[in-house]
>>> print(open('coords_30.pdb').read())   # PDB, C-alpha atoms
ATOM      1  CA  MET A  27     -17.950  -4.066  -6.370
ATOM      2  CA  LYS A  28     -16.918  -5.163  -9.852
ATOM      3  CA  PRO A  29     -13.385  -6.526 -10.320
ATOM      4  CA  LEU A  30     -10.944  -3.798 -11.327
ATOM      5  CA  THR A  31      -8.964  -3.960 -14.554
ATOM      6  CA  SER A  32      -5.346  -2.838 -14.684
ATOM      7  CA  GLN A  33      -6.465   0.392 -16.385
ATOM      8  CA  GLN A  34      -8.814   1.143 -13.484
ATOM      9  CA  ILE A  35      -6.135   0.770 -10.798
ATOM     10  CA  ARG A  36      -4.581   4.219 -10.933
ATOM     11  CA  GLY A  37      -3.809   7.193  -8.749
ATOM     12  CA  THR A  38      -3.090   7.477  -5.043
ATOM     13  CA  TRP A  39      -4.428   4.645  -2.895
ATOM     14  CA  GLY A  40      -4.482   4.790   0.891
ATOM     15  CA  THR A  41      -3.482   2.006   3.236
ATOM     16  CA  VAL A  42      -5.427   1.047   6.346
ATOM     17  CA  LEU A  43      -3.273   1.191   9.481
ATOM     18  CA  LEU A  44      -4.162  -0.830  12.585
ATOM     19  CA  PRO A  45      -4.987   1.162  15.743
ATOM     20  CA  ILE A  46      -3.593  -0.937  18.594
ATOM     21  CA  ASN A  47      -4.681  -0.776  22.239
ATOM     22  CA  ALA A  48      -2.311  -0.979  25.200
ATOM     23  CA  ASP A  49      -3.238  -4.653  25.681
ATOM     24  CA  ASP A  50      -2.141  -5.409  22.067
ATOM     25  CA  SER A  51      -5.719  -5.804  20.822
ATOM     26  CA  ILE A  52      -7.068  -4.087  17.694
ATOM     27  CA  ASP A  53      -9.303  -1.053  18.337
ATOM     28  CA  TYR A  54     -12.075  -1.675  15.813
ATOM     29  CA  ALA A  55     -13.943   1.539  16.663
ATOM     30  CA  ARG A  56     -10.900   3.646  15.824
ATOM     31  CA  LEU A  57     -10.312   1.475  12.761
ATOM     32  CA  GLY A  58     -13.780   2.258  11.436
ATOM     33  CA  GLU A  59     -13.288   5.979  12.045
ATOM     34  CA  GLU A  60      -9.963   5.860  10.205
ATOM     35  CA  ILE A  61     -11.533   4.165   7.172
ATOM     36  CA  ASP A  62     -14.271   6.803   7.059
ATOM     37  CA  ILE A  63     -11.674   9.600   7.126
ATOM     38  CA  LEU A  64      -9.699   7.987   4.306
ATOM     39  CA  ILE A  65     -12.860   7.677   2.227
ATOM     40  CA  ALA A  66     -13.730  11.332   2.856
ATOM     41  CA  ALA A  67     -10.225  12.393   1.768
ATOM     42  CA  GLY A  68     -11.052  11.259  -1.758
ATOM     43  CA  VAL A  69      -8.210   8.824  -2.418
ATOM     44  CA  ALA A  70      -8.550   6.725  -5.568
ATOM     45  CA  GLY A  71      -9.018   3.593  -3.492
ATOM     46  CA  LEU A  72      -8.177   1.847  -0.228
ATOM     47  CA  TYR A  73      -6.482  -1.411   0.681
ATOM     48  CA  THR A  74      -5.946  -3.475   3.791
ATOM     49  CA  ASN A  75      -3.136  -5.635   5.065
ATOM     50  CA  GLY A  76      -0.120  -4.170   3.396
ATOM     51  CA  THR A  77       3.052  -4.131   5.455
ATOM     52  CA  ALA A  78       1.774  -1.077   7.321
ATOM     53  CA  GLY A  79      -1.410  -2.988   8.146
ATOM     54  CA  GLU A  80       0.652  -5.545  10.103
ATOM     55  CA  PHE A  81      -0.945  -8.479   8.277
ATOM     56  CA  HIS A  82       1.745 -10.784   9.621
ATOM     57  CA  THR A  83       0.543 -10.279  13.213
ATOM     58  CA  GLN A  84      -3.154 -11.057  12.746
ATOM     59  CA  THR A  85      -5.052 -14.161  13.739
ATOM     60  CA  GLU A  86      -7.453 -15.478  11.116
ATOM     61  CA  ASP A  87     -10.451 -14.307  13.167
ATOM     62  CA  GLU A  88      -8.945 -10.812  13.319
ATOM     63  CA  PHE A  89      -8.285 -10.876   9.595
ATOM     64  CA  ASP A  90     -11.919 -11.765   8.868
ATOM     65  CA  ARG A  91     -13.289  -9.065  11.173
ATOM     66  CA  ILE A  92     -11.062  -6.378   9.642
ATOM     67  CA  GLN A  93     -12.057  -7.266   6.088
ATOM     68  CA  ALA A  94     -15.775  -7.385   6.876
ATOM     69  CA  LEU A  95     -15.697  -3.953   8.539
ATOM     70  CA  PHE A  96     -13.573  -2.530   5.736
ATOM     71  CA  ALA A  97     -15.645  -3.920   2.869
ATOM     72  CA  GLU A  98     -18.921  -2.773   4.410
ATOM     73  CA  ARG A  99     -17.715   0.829   4.752
ATOM     74  CA  CYS A 100     -16.162   0.966   1.297
ATOM     75  CA  GLU A 101     -19.213  -0.568  -0.387
ATOM     76  CA  ARG A 102     -21.516   1.869   1.385
ATOM     77  CA  ALA A 103     -19.433   4.816   0.159
ATOM     78  CA  GLY A 104     -18.771   3.469  -3.350
ATOM     79  CA  MET A 105     -15.029   3.474  -2.645
ATOM     80  CA  PRO A 106     -12.860   1.087  -4.716
ATOM     81  CA  PHE A 107     -11.070  -1.305  -2.395
ATOM     82  CA  GLN A 108      -8.559  -4.126  -2.421
ATOM     83  CA  ILE A 109      -8.145  -6.779   0.255
ATOM     84  CA  GLY A 110      -4.633  -7.726   1.234
ATOM     85  CA  ALA A 111      -4.699 -11.516   1.603
ATOM     86  CA  SER A 112      -0.964 -11.831   2.099
ATOM     87  CA  HIS A 113       0.638 -14.257   4.505
ATOM     88  CA  MET A 114       4.059 -15.864   4.727
ATOM     89  CA  SER A 115       2.279 -19.231   4.381
ATOM     90  CA  PRO A 116       0.820 -19.825   0.898
ATOM     91  CA  GLN A 117      -1.830 -22.083   2.439
ATOM     92  CA  LEU A 118      -3.035 -19.330   4.778
ATOM     93  CA  SER A 119      -2.940 -16.762   1.994
ATOM     94  CA  LEU A 120      -5.066 -19.047  -0.176
ATOM     95  CA  ASN A 121      -7.554 -19.553   2.655
ATOM     96  CA  ARG A 122      -7.760 -15.794   3.236
ATOM     97  CA  VAL A 123      -8.755 -15.333  -0.405
ATOM     98  CA  ARG A 124     -11.322 -18.144  -0.204
ATOM     99  CA  ARG A 125     -12.934 -16.641   2.894
ATOM    100  CA  SER A 126     -12.903 -13.062   1.551
ATOM    101  CA  VAL A 127     -14.099 -13.628  -2.007
ATOM    102  CA  ALA A 128     -17.733 -13.129  -0.969
ATOM    103  CA  LEU A 129     -16.848  -9.530  -0.003
ATOM    104  CA  ARG A 130     -16.157  -8.876  -3.729
ATOM    105  CA  PRO A 131     -13.184  -6.514  -3.510
ATOM    106  CA  GLY A 132     -11.864  -4.867  -6.660
ATOM    107  CA  ALA A 133      -8.661  -6.927  -6.344
ATOM    108  CA  PHE A 134      -6.704  -9.111  -3.957
ATOM    109  CA  GLN A 135      -3.150  -8.230  -2.967
ATOM    110  CA  VAL A 136      -0.744 -11.082  -2.242
ATOM    111  CA  ILE A 137       2.944 -11.603  -1.578
ATOM    112  CA  LEU A 138       4.853 -14.583  -2.902
ATOM    113  CA  PRO A 139       5.578 -17.366  -0.370
ATOM    114  CA  ASP A 140       8.098 -15.817   1.956
ATOM    115  CA  TRP A 141      10.060 -18.426   3.897
ATOM    116  CA  VAL A 142      11.414 -20.574   1.069
ATOM    117  CA  THR A 143      12.009 -18.327  -1.924
ATOM    118  CA  ALA A 144       9.644 -19.058  -4.808
ATOM    119  CA  GLY A 145      11.181 -19.506  -8.247
ATOM    120  CA  HIS A 146       9.278 -18.619 -11.407
ATOM    121  CA  ASP A 147       7.467 -21.962 -11.733
ATOM    122  CA  GLU A 148       6.502 -21.920  -8.048
ATOM    123  CA  ALA A 149       5.312 -18.319  -8.287
ATOM    124  CA  VAL A 150       3.155 -19.257 -11.289
ATOM    125  CA  SER A 151       1.722 -22.242  -9.402
ATOM    126  CA  PHE A 152       0.991 -20.075  -6.371
ATOM    127  CA  LEU A 153      -0.645 -17.220  -8.294
ATOM    128  CA  SER A 154      -2.641 -19.599 -10.488
ATOM    129  CA  ARG A 155      -4.274 -21.306  -7.507
ATOM    130  CA  ILE A 156      -4.892 -17.948  -5.811
ATOM    131  CA  ALA A 157      -6.515 -16.713  -9.045
ATOM    132  CA  GLU A 158      -8.769 -19.765  -9.175
ATOM    133  CA  ALA A 159      -9.940 -19.080  -5.618
ATOM    134  CA  ALA A 160     -10.422 -15.377  -6.406
ATOM    135  CA  ASP A 161     -13.270 -16.240  -8.797
ATOM    136  CA  GLY A 162     -12.629 -13.599 -11.448
ATOM    137  CA  ILE A 163     -11.205 -10.943  -9.118
ATOM    138  CA  GLY A 164      -7.770  -9.762 -10.246
ATOM    139  CA  LEU A 165      -4.533 -10.105  -8.313
ATOM    140  CA  VAL A 166      -2.003  -7.422  -7.383
ATOM    141  CA  LEU A 167       1.471  -8.705  -6.526
ATOM    142  CA  TYR A 168       2.884  -6.953  -3.474
ATOM    143  CA  ASN A 169       6.638  -7.001  -4.119
ATOM    144  CA  PRO A 170       8.338  -4.350  -1.955
ATOM    145  CA  PRO A 171      12.121  -4.144  -1.548
ATOM    146  CA  HIS A 172      12.101  -6.278   1.608
ATOM    147  CA  ALA A 173      10.412  -9.206  -0.172
ATOM    148  CA  LYS A 174      12.348 -12.472  -0.092
ATOM    149  CA  ARG A 175      12.572 -12.321  -3.888
ATOM    150  CA  VAL A 176      12.459  -8.891  -5.527
ATOM    151  CA  LEU A 177      11.345  -9.180  -9.146
ATOM    152  CA  ASP A 178      12.436  -7.025 -12.058
ATOM    153  CA  MET A 179       9.990  -5.815 -14.692
ATOM    154  CA  ALA A 180      10.792  -8.652 -17.090
ATOM    155  CA  ALA A 181       9.997 -11.238 -14.394
ATOM    156  CA  ILE A 182       6.726  -9.506 -13.508
ATOM    157  CA  GLY A 183       5.797  -9.389 -17.187
ATOM    158  CA  ALA A 184       6.516 -13.115 -17.467
ATOM    159  CA  LEU A 185       4.196 -13.794 -14.515
ATOM    160  CA  LYS A 186       1.459 -11.777 -16.221
ATOM    161  CA  ARG A 187       1.765 -13.871 -19.375
ATOM    162  CA  ALA A 188       1.527 -17.058 -17.316
ATOM    163  CA  VAL A 189      -1.251 -15.832 -14.999
ATOM    164  CA  PRO A 190      -3.630 -13.484 -16.855
ATOM    165  CA  ALA A 191      -5.496 -12.724 -13.606
ATOM    166  CA  LEU A 192      -2.496 -10.651 -12.489
ATOM    167  CA  VAL A 193      -3.540  -7.014 -12.957
ATOM    168  CA  GLY A 194      -0.896  -5.064 -11.048
ATOM    169  CA  ALA A 195       2.141  -4.913  -8.804
ATOM    170  CA  LYS A 196       3.567  -2.750  -6.039
ATOM    171  CA  VAL A 197       7.324  -2.320  -6.508
ATOM    172  CA  LEU A 198      10.307  -0.122  -5.713
ATOM    173  CA  ASP A 199      11.136   1.970  -8.763
ATOM    174  CA  GLY A 200      14.574   2.716 -10.199
ATOM    175  CA  ASN A 201      16.507   4.736 -12.732
ATOM    176  CA  PRO A 202      15.426   5.672 -16.302
ATOM    177  CA  SER A 203      16.453   2.247 -17.619
ATOM    178  CA  TRP A 204      14.195   0.623 -14.997
ATOM    179  CA  TYR A 205      11.292   2.699 -16.297
ATOM    180  CA  GLY A 206      12.246   1.689 -19.817
ATOM    181  CA  ALA A 207      11.834  -1.936 -18.733
ATOM    182  CA  LEU A 208       8.472  -1.062 -17.177
ATOM    183  CA  ARG A 209       7.255   0.315 -20.495
ATOM    184  CA  ALA A 210       8.684  -2.661 -22.396
ATOM    185  CA  HIS A 211       7.370  -5.507 -20.227
ATOM    186  CA  THR A 212       4.332  -4.364 -18.224
ATOM    187  CA  THR A 213       2.127  -2.214 -20.456
ATOM    188  CA  ASP A 214      -0.888  -4.377 -19.545
ATOM    189  CA  LEU A 215      -0.300  -4.087 -15.781
ATOM    190  CA  SER A 216      -0.888  -1.402 -13.187
ATOM    191  CA  ILE A 217       2.544  -0.664 -11.702
ATOM    192  CA  PHE A 218       2.557   1.306  -8.449
ATOM    193  CA  VAL A 219       5.739   2.979  -7.172
ATOM    194  CA  PRO A 220       6.655   4.601  -3.833
ATOM    195  CA  GLY A 221       4.459   7.537  -2.930
ATOM    196  CA  HIS A 222       7.191  10.129  -2.602
ATOM    197  CA  HIS A 223       8.453   9.243  -6.126
ATOM    198  CA  LEU A 224       5.056   9.484  -7.762
ATOM    199  CA  ALA A 225       5.412  12.676  -9.824
ATOM    200  CA  SER A 226       8.521  11.489 -11.666
ATOM    201  CA  GLY A 227       7.131   7.956 -11.769
ATOM    202  CA  PHE A 228       3.865   9.125 -13.303
ATOM    203  CA  LEU A 229       5.807  11.054 -15.923
ATOM    204  CA  GLN A 230       7.686   7.871 -16.899
ATOM    205  CA  GLY A 231       4.763   5.455 -17.024
ATOM    206  CA  ALA A 232       3.850   4.410 -13.479
ATOM    207  CA  SER A 233       0.121   4.032 -12.828
ATOM    208  CA  GLY A 234       0.052   5.351  -9.271
ATOM    209  CA  SER A 235       1.072   4.552  -5.719
ATOM    210  CA  TYR A 236      -0.007   2.552  -2.697
ATOM    211  CA  SER A 237       1.144   5.600  -0.927
ATOM    212  CA  ASN A 238       3.326   6.416   2.050
ATOM    213  CA  VAL A 239       2.487  10.057   1.269
ATOM    214  CA  ALA A 240      -1.165   9.179   1.920
ATOM    215  CA  CYS A 241      -0.013   7.978   5.357
ATOM    216  CA  LEU A 242       1.303  11.498   5.934
ATOM    217  CA  SER A 243      -1.716  13.303   4.483
ATOM    218  CA  PRO A 244      -4.471  11.507   2.555
ATOM    219  CA  ALA A 245      -6.095  14.725   1.343
ATOM    220  CA  GLY A 246      -2.721  16.257   0.490
ATOM    221  CA  SER A 247      -1.735  13.216  -1.538
ATOM    222  CA  VAL A 248      -4.971  13.536  -3.527
ATOM    223  CA  ARG A 249      -4.315  17.211  -4.253
ATOM    224  CA  TRP A 250      -0.784  16.328  -5.365
ATOM    225  CA  TRP A 251      -2.034  13.618  -7.746
ATOM    226  CA  LYS A 252      -4.464  16.099  -9.303
ATOM    227  CA  LEU A 253      -1.634  18.617  -9.699
ATOM    228  CA  MET A 254       0.346  16.016 -11.673
ATOM    229  CA  GLN A 255      -2.397  16.039 -14.290
ATOM    230  CA  THR A 256      -2.239  19.822 -14.770
ATOM    231  CA  ASP A 257       1.212  21.086 -13.721
ATOM    232  CA  ILE A 258       3.844  18.364 -13.615
ATOM    233  CA  THR A 259       6.646  20.875 -12.999
ATOM    234  CA  ALA A 260       4.994  22.102  -9.801
ATOM    235  CA  ALA A 261       4.257  18.510  -8.790
ATOM    236  CA  GLN A 262       7.912  17.569  -9.252
ATOM    237  CA  ASP A 263       8.942  20.479  -7.041
ATOM    238  CA  ILE A 264       6.776  19.034  -4.272
ATOM    239  CA  GLU A 265       8.332  15.621  -4.933
ATOM    240  CA  ARG A 266      11.844  16.995  -4.464
ATOM    241  CA  ARG A 267      10.885  18.397  -1.078
ATOM    242  CA  LEU A 268       9.091  15.193  -0.072
ATOM    243  CA  ILE A 269      12.172  13.152  -0.987
ATOM    244  CA  ASP A 270      14.305  15.558   1.051
ATOM    245  CA  PHE A 271      11.966  15.205   4.043
ATOM    246  CA  PHE A 272      11.992  11.412   3.849
ATOM    247  CA  ALA A 273      15.764  11.224   3.333
ATOM    248  CA  SER A 274      16.617  13.702   6.087
ATOM    249  CA  HIS A 275      14.041  12.866   8.745
ATOM    250  CA  ILE A 276      12.387   9.472   8.140
ATOM    251  CA  ALA A 277      15.098   7.248   6.631
ATOM    252  CA  PRO A 278      17.512   7.800   9.578
ATOM    253  CA  ILE A 279      14.825   6.514  11.952
ATOM    254  CA  GLY A 280      14.500   3.377   9.852
ATOM    255  CA  GLN A 281      18.269   3.005   9.822
ATOM    256  CA  ALA A 282      18.174   3.189  13.628
ATOM    257  CA  GLY A 283      16.147  -0.032  13.698
ATOM    258  CA  TYR A 284      12.496   0.949  13.326
ATOM    259  CA  SER A 285      10.333  -1.045  10.920
ATOM    260  CA  ASN A 286       8.337   0.236   7.957
ATOM    261  CA  PRO A 287       5.048  -0.099   9.909
ATOM    262  CA  ALA A 288       6.567   2.048  12.657
ATOM    263  CA  LEU A 289       7.545   4.675  10.093
ATOM    264  CA  ASP A 290       4.113   4.665   8.440
ATOM    265  CA  LYS A 291       2.373   5.154  11.773
ATOM    266  CA  LEU A 292       4.837   7.932  12.551
ATOM    267  CA  LEU A 293       3.848   9.621   9.282
ATOM    268  CA  ALA A 294       0.157   9.362  10.187
ATOM    269  CA  GLU A 295       0.827  10.864  13.602
ATOM    270  CA  ILE A 296       2.827  13.703  12.021
ATOM    271  CA  GLY A 297      -0.092  14.317   9.679
ATOM    272  CA  GLY A 298      -2.589  14.196  12.532
ATOM    273  CA  TRP A 299      -5.498  13.195  10.311
ATOM    274  CA  ALA A 300      -6.798  10.251  12.355
ATOM    275  CA  ASP A 301      -6.424   8.635  15.758
ATOM    276  CA  VAL A 302      -4.268   5.748  14.566
ATOM    277  CA  GLY A 303      -1.581   5.987  17.237
ATOM    278  CA  LEU A 304       2.059   4.961  17.135
ATOM    279  CA  ARG A 305       1.765   1.597  18.877
ATOM    280  CA  LEU A 306       2.651  -1.598  16.960
ATOM    281  CA  ARG A 307       1.771  -5.136  17.890
ATOM    282  CA  TRP A 308       4.242  -7.140  19.935
ATOM    283  CA  PRO A 309       7.144  -7.674  19.505
ATOM    284  CA  SER A 310       7.787  -4.674  17.238
ATOM    285  CA  LYS A 311       9.050  -1.456  18.781
ATOM    286  CA  TYR A 312       7.456   1.868  17.938
ATOM    287  CA  LEU A 313       8.245   5.569  18.169
ATOM    288  CA  ALA A 314       7.489   7.859  21.091
ATOM    289  CA  GLN A 315       4.986  10.684  20.781
ATOM    290  CA  ALA A 316       7.807  13.192  21.267
ATOM    291  CA  GLU A 317       9.347  12.110  17.948
ATOM    292  CA  ALA A 318       6.110  12.806  16.090
ATOM    293  CA  ASP A 319       5.717  16.139  17.841
ATOM    294  CA  ARG A 320       9.277  17.102  16.868
ATOM    295  CA  LEU A 321       8.661  16.329  13.194
ATOM    296  CA  LYS A 322       5.230  17.959  12.817
ATOM    297  CA  PRO A 323       6.494  21.523  12.274
ATOM    298  CA  ILE A 324       9.363  20.289  10.089
ATOM    299  CA  ALA A 325       6.996  18.473   7.731
ATOM    300  CA  ARG A 326       4.689  21.467   7.497
ATOM    301  CA  ALA A 327       7.590  23.779   6.727
ATOM    302  CA  MET A 328       9.103  21.521   4.058
ATOM    303  CA  VAL A 329       5.898  20.440   2.252
ATOM    304  CA  PRO A 330       3.124  22.871   3.287
ATOM    305  CA  GLU A 331       1.073  21.792   0.253
ATOM    306  CA  MET A 332       0.388  18.476   1.962
ATOM    307  CA  PHE A 333      -1.362  20.210   4.861
ATOM    308  CA  ALA A 334      -3.246  23.057   3.171
TER     309      ALA A 334
END
>>> encode(input="coords_30.pdb", output="structure tokens")
Amino acid sequence: MKPLTSQQIRGTWGTVLLPINADDSIDYARLGEEIDILIAAGVAGLYTNGTAGEFHTQTEDEFDRIQALFAERCERAGMPFQIGASHMSPQLSLNRVRRSVALRPGAFQVILPDWVTAGHDEAVSFLSRIAEAADGIGLVLYNPPHAKRVLDMAAIGALKRAVPALVGAKVLDGNPSWYGALRAHTTDLSIFVPGHHLASGFLQGASGSYSNVACLSPAGSVRWWKLMQTDITAAQDIERRLIDFFASHIAPIGQAGYSNPALDKLLAEIGGWADVGLRLRWPSKYLAQAEADRLKPIARAMVPEMFA
């Protein structure tokens, strides 16, 4: 596909979760079925190898096989897609971009080097070489709250000025002054905020979300995004109940020691939209089926719009 501009990266994007077999291998048949379901749900686009995609656990052969399967299905369906080329090693991240550029994604997602914290000059050096390898395909900086260095909007804007190939960022949002900084420093970037904050974020200038709500219900997240365009008050009411669900029933599980990938797979199991499963790759622990079964009726009672 053609490279995406910042203005074209909008809406609710779905993440690809890894179905894992009991022997810790990736189930590529289930992975393909999951991608097809996400495409059919009508999300604005798809991406691989975010945190929930367990990019940090993959061998390079596994990475290549995932991207080839993913790109083929998205291209066939005309679905915009981004390839997550992130790795804790900048050398491996660079090589992932070099090997994947022939698949012509709409953008590449990358994290900053994540063992030794990258300062501004090092981040510019890193992104500049990644951009050169990307051959005209834009970059999206994946900068979630557990990143080694969490950037504010002014710092992200400074990176954009230094590296024009940067077209977007995934970040944790903040208060009204944070959104004021977004509007002041990143008007030429696509800024994506957490899925369950999207209605209020959209109202204040966010472009969309690489969405945890799409983990819960891809089709429901699409309906909610459309509602934001026509009835923001109703969309914000759904947001309040989503935030309540996450705060009351998902955040305590994270606080008990379960990782974000475990929580995202739990959401998918609660939603029941694909056979992803709860299992994570070794050594990460994952939730039991009973926990998903307990939360299914709670989610449907609190946010029935997601499951209509």
>>> closest_residue(input="coords_30.pdb", among="A:Leu185, A:Cys100, A:Ile92, A:Leu153", to="A:Asp53", atoms="only C-alpha atoms")
A:Ile92
>>> resolve_selection(input="coords_30.pdb", expression="the PyMOL selection byres ((chain A and resi 306) around 9)", output="ChimeraX atom specification")
/A:44-46,50,80,287-288,291,303-305,307-312
>>> atom_distance(input="coords_30.pdb", atom1="atom CA of A:Leu215", atom2="atom CA of A:Ser32")
5.3 Å
>>> resolve_selection(input="coords_30.pdb", expression="the PyMOL selection byres ((chain A and resi 298) around 12)", output="ChimeraX atom specification")
/A:60,63,240-245,291-297,299-304,315,318-319,321-323,325-326,332-333
>>> resolve_selection(input="coords_30.pdb", expression="the PyMOL selection byres ((chain A and resi 73) around 6)", output="VMD selection string")
chain A and resid 41 72 74 107 to 109
>>> residues_near_point(input="coords_30.pdb", point="(3.3, -19.1, 7.4)", cutoff="9 Å", atoms="all atoms listed in the file", output="CSV table (one decimal) with C-alpha atoms, in the frame of the given file")
chain,number,residue,atom,x,y,z
A,82,HIS,CA,1.7,-10.8,9.6
A,113,HIS,CA,0.6,-14.3,4.5
A,114,MET,CA,4.1,-15.9,4.7
A,115,SER,CA,2.3,-19.2,4.4
A,116,PRO,CA,0.8,-19.8,0.9
A,117,GLN,CA,-1.8,-22.1,2.4
A,118,LEU,CA,-3.0,-19.3,4.8
A,119,SER,CA,-2.9,-16.8,2.0
A,139,PRO,CA,5.6,-17.4,-0.4
A,140,ASP,CA,8.1,-15.8,2.0
A,141,TRP,CA,10.1,-18.4,3.9
>>> closest_residue(input="coords_30.pdb", among="A:Val150, A:Ala128, A:Leu192, A:Val69", to="A:Val239", atoms="only C-alpha atoms")
A:Val69
>>> axis_aligned_box(input="coords_30.pdb", around="stretch 293-308 of chain A", padding_each_side="4 Å", output="JSON")
{"center_x": -1.3, "center_y": 3.6, "center_z": 14.6, "size_x": 19.0, "size_y": 29.5, "size_z": 18.7}
>>> closest_residue(input="coords_30.pdb", among="A:Ala334, A:Val166, A:Asp147, A:Phe152", to="A:Ala184", atoms="all atoms listed in the file")
A:Asp147
>>> atom_distance(input="coords_30.pdb", atom1="atom CA of A:Ala273", atom2="atom CA of A:Ala314")
19.9 Å
>>> closest_residue(input="coords_30.pdb", among="A:Leu129, A:Leu43, A:Leu165, A:Met27", to="A:Met105", atoms="only C-alpha atoms")
A:Met27
>>> closest_residue(input="coords_30.pdb", among="A:Arg175, A:Arg209, A:Arg36, A:Arg122", to="A:Ser233", atoms="all atoms listed in the file")
A:Arg36
>>> residues_near_point(input="coords_30.pdb", point="(-11.7, -18.9, 5.3)", cutoff="12 Å", atoms="only C-alpha atoms", output="number ranges by chain")
A: 85-91, 93, 111, 117-129, 159
>>> closest_residue(input="coords_30.pdb", among="A:Tyr205, A:Ser285, A:Ser274, A:Ala225", to="A:Thr259", atoms="all atoms listed in the file")
A:Ala225
>>> residues_around(input="coords_30.pdb", residues="A:Asp199", least_positions_apart="4", cutoff="8 Å", atoms="all atoms listed in the file", output="list in words")
Trp204, Tyr205, Val219, Pro220 and Gly227 of chain A
>>> atom_distance(input="coords_30.pdb", atom1="atom CA of A:Trp250", atom2="atom CA of A:Gly234")
11.7 Å
>>> residues_around(input="coords_30.pdb", residues="A:Ser112", least_positions_apart="5", cutoff="7 Å", atoms="only C-alpha atoms", output="count of residues only")
4
>>> residues_around(input="coords_30.pdb", residues="A:Arg187", least_positions_apart="5", cutoff="12 Å", atoms="only C-alpha atoms", output="MDAnalysis selection string")
chainID A and resid 146 150 153:154 180:182 192:193 211:215
>>> decode(input="coords_30.pdb", residues="stretch 246-282 of chain A", atoms="C-alpha atoms", output="PDB file, in the first residue's frame")
ATOM      1  CA  GLY A 246     -17.980  -2.243  19.072  1.00  0.00           C
ATOM      2  CA  SER A 247     -14.979   0.064  18.989  1.00  0.00           C
ATOM      3  CA  VAL A 248     -15.791   0.934  15.367  1.00  0.00           C
ATOM      4  CA  ARG A 249     -19.406   1.740  16.234  1.00  0.00           C
ATOM      5  CA  TRP A 250     -18.196   3.921  19.109  1.00  0.00           C
ATOM      6  CA  TRP A 251     -15.801   5.856  16.852  1.00  0.00           C
ATOM      7  CA  LYS A 252     -18.636   6.515  14.400  1.00  0.00           C
ATOM      8  CA  LEU A 253     -20.834   7.715  17.269  1.00  0.00           C
ATOM      9  CA  MET A 254     -18.153  10.271  18.197  1.00  0.00           C
ATOM     10  CA  GLN A 255     -18.653  11.899  14.809  1.00  0.00           C
ATOM     11  CA  THR A 256     -22.416  12.313  15.295  1.00  0.00           C
ATOM     12  CA  ASP A 257     -23.209  12.365  19.033  1.00  0.00           C
ATOM     13  CA  ILE A 258     -20.203  13.152  21.199  1.00  0.00           C
ATOM     14  CA  THR A 259     -22.334  13.383  24.353  1.00  0.00           C
ATOM     15  CA  ALA A 260     -23.538   9.801  23.934  1.00  0.00           C
ATOM     16  CA  ALA A 261     -19.999   8.696  23.090  1.00  0.00           C
ATOM     17  CA  GLN A 262     -18.677  10.300  26.274  1.00  0.00           C
ATOM     18  CA  ASP A 263     -21.306   8.453  28.297  1.00  0.00           C
ATOM     19  CA  ILE A 264     -19.947   5.181  26.920  1.00  0.00           C
ATOM     20  CA  GLU A 265     -16.427   6.376  27.747  1.00  0.00           C
ATOM     21  CA  ARG A 266     -17.358   6.996  31.379  1.00  0.00           C
ATOM     22  CA  ARG A 267     -18.646   3.447  31.694  1.00  0.00           C
ATOM     23  CA  LEU A 268     -15.611   2.008  29.901  1.00  0.00           C
ATOM     24  CA  ILE A 269     -13.292   3.890  32.264  1.00  0.00           C
ATOM     25  CA  ASP A 270     -15.307   2.563  35.210  1.00  0.00           C
ATOM     26  CA  PHE A 271     -15.037  -1.000  33.878  1.00  0.00           C
ATOM     27  CA  PHE A 272     -11.284  -0.717  33.357  1.00  0.00           C
ATOM     28  CA  ALA A 273     -10.700   0.956  36.732  1.00  0.00           C
ATOM     29  CA  SER A 274     -12.886  -1.452  38.699  1.00  0.00           C
ATOM     30  CA  HIS A 275     -12.185  -4.761  36.979  1.00  0.00           C
ATOM     31  CA  ILE A 276      -9.047  -4.622  34.799  1.00  0.00           C
ATOM     32  CA  ALA A 277      -6.627  -2.288  36.607  1.00  0.00           C
ATOM     33  CA  PRO A 278      -6.714  -4.346  39.859  1.00  0.00           C
ATOM     34  CA  ILE A 279      -5.597  -7.409  37.890  1.00  0.00           C
ATOM     35  CA  GLY A 280      -2.656  -5.441  36.537  1.00  0.00           C
ATOM     36  CA  GLN A 281      -1.858  -4.225  40.034  1.00  0.00           C
ATOM     37  CA  ALA A 282      -1.813  -7.874  41.137  1.00  0.00           C
TER      38      ALA A 282
END
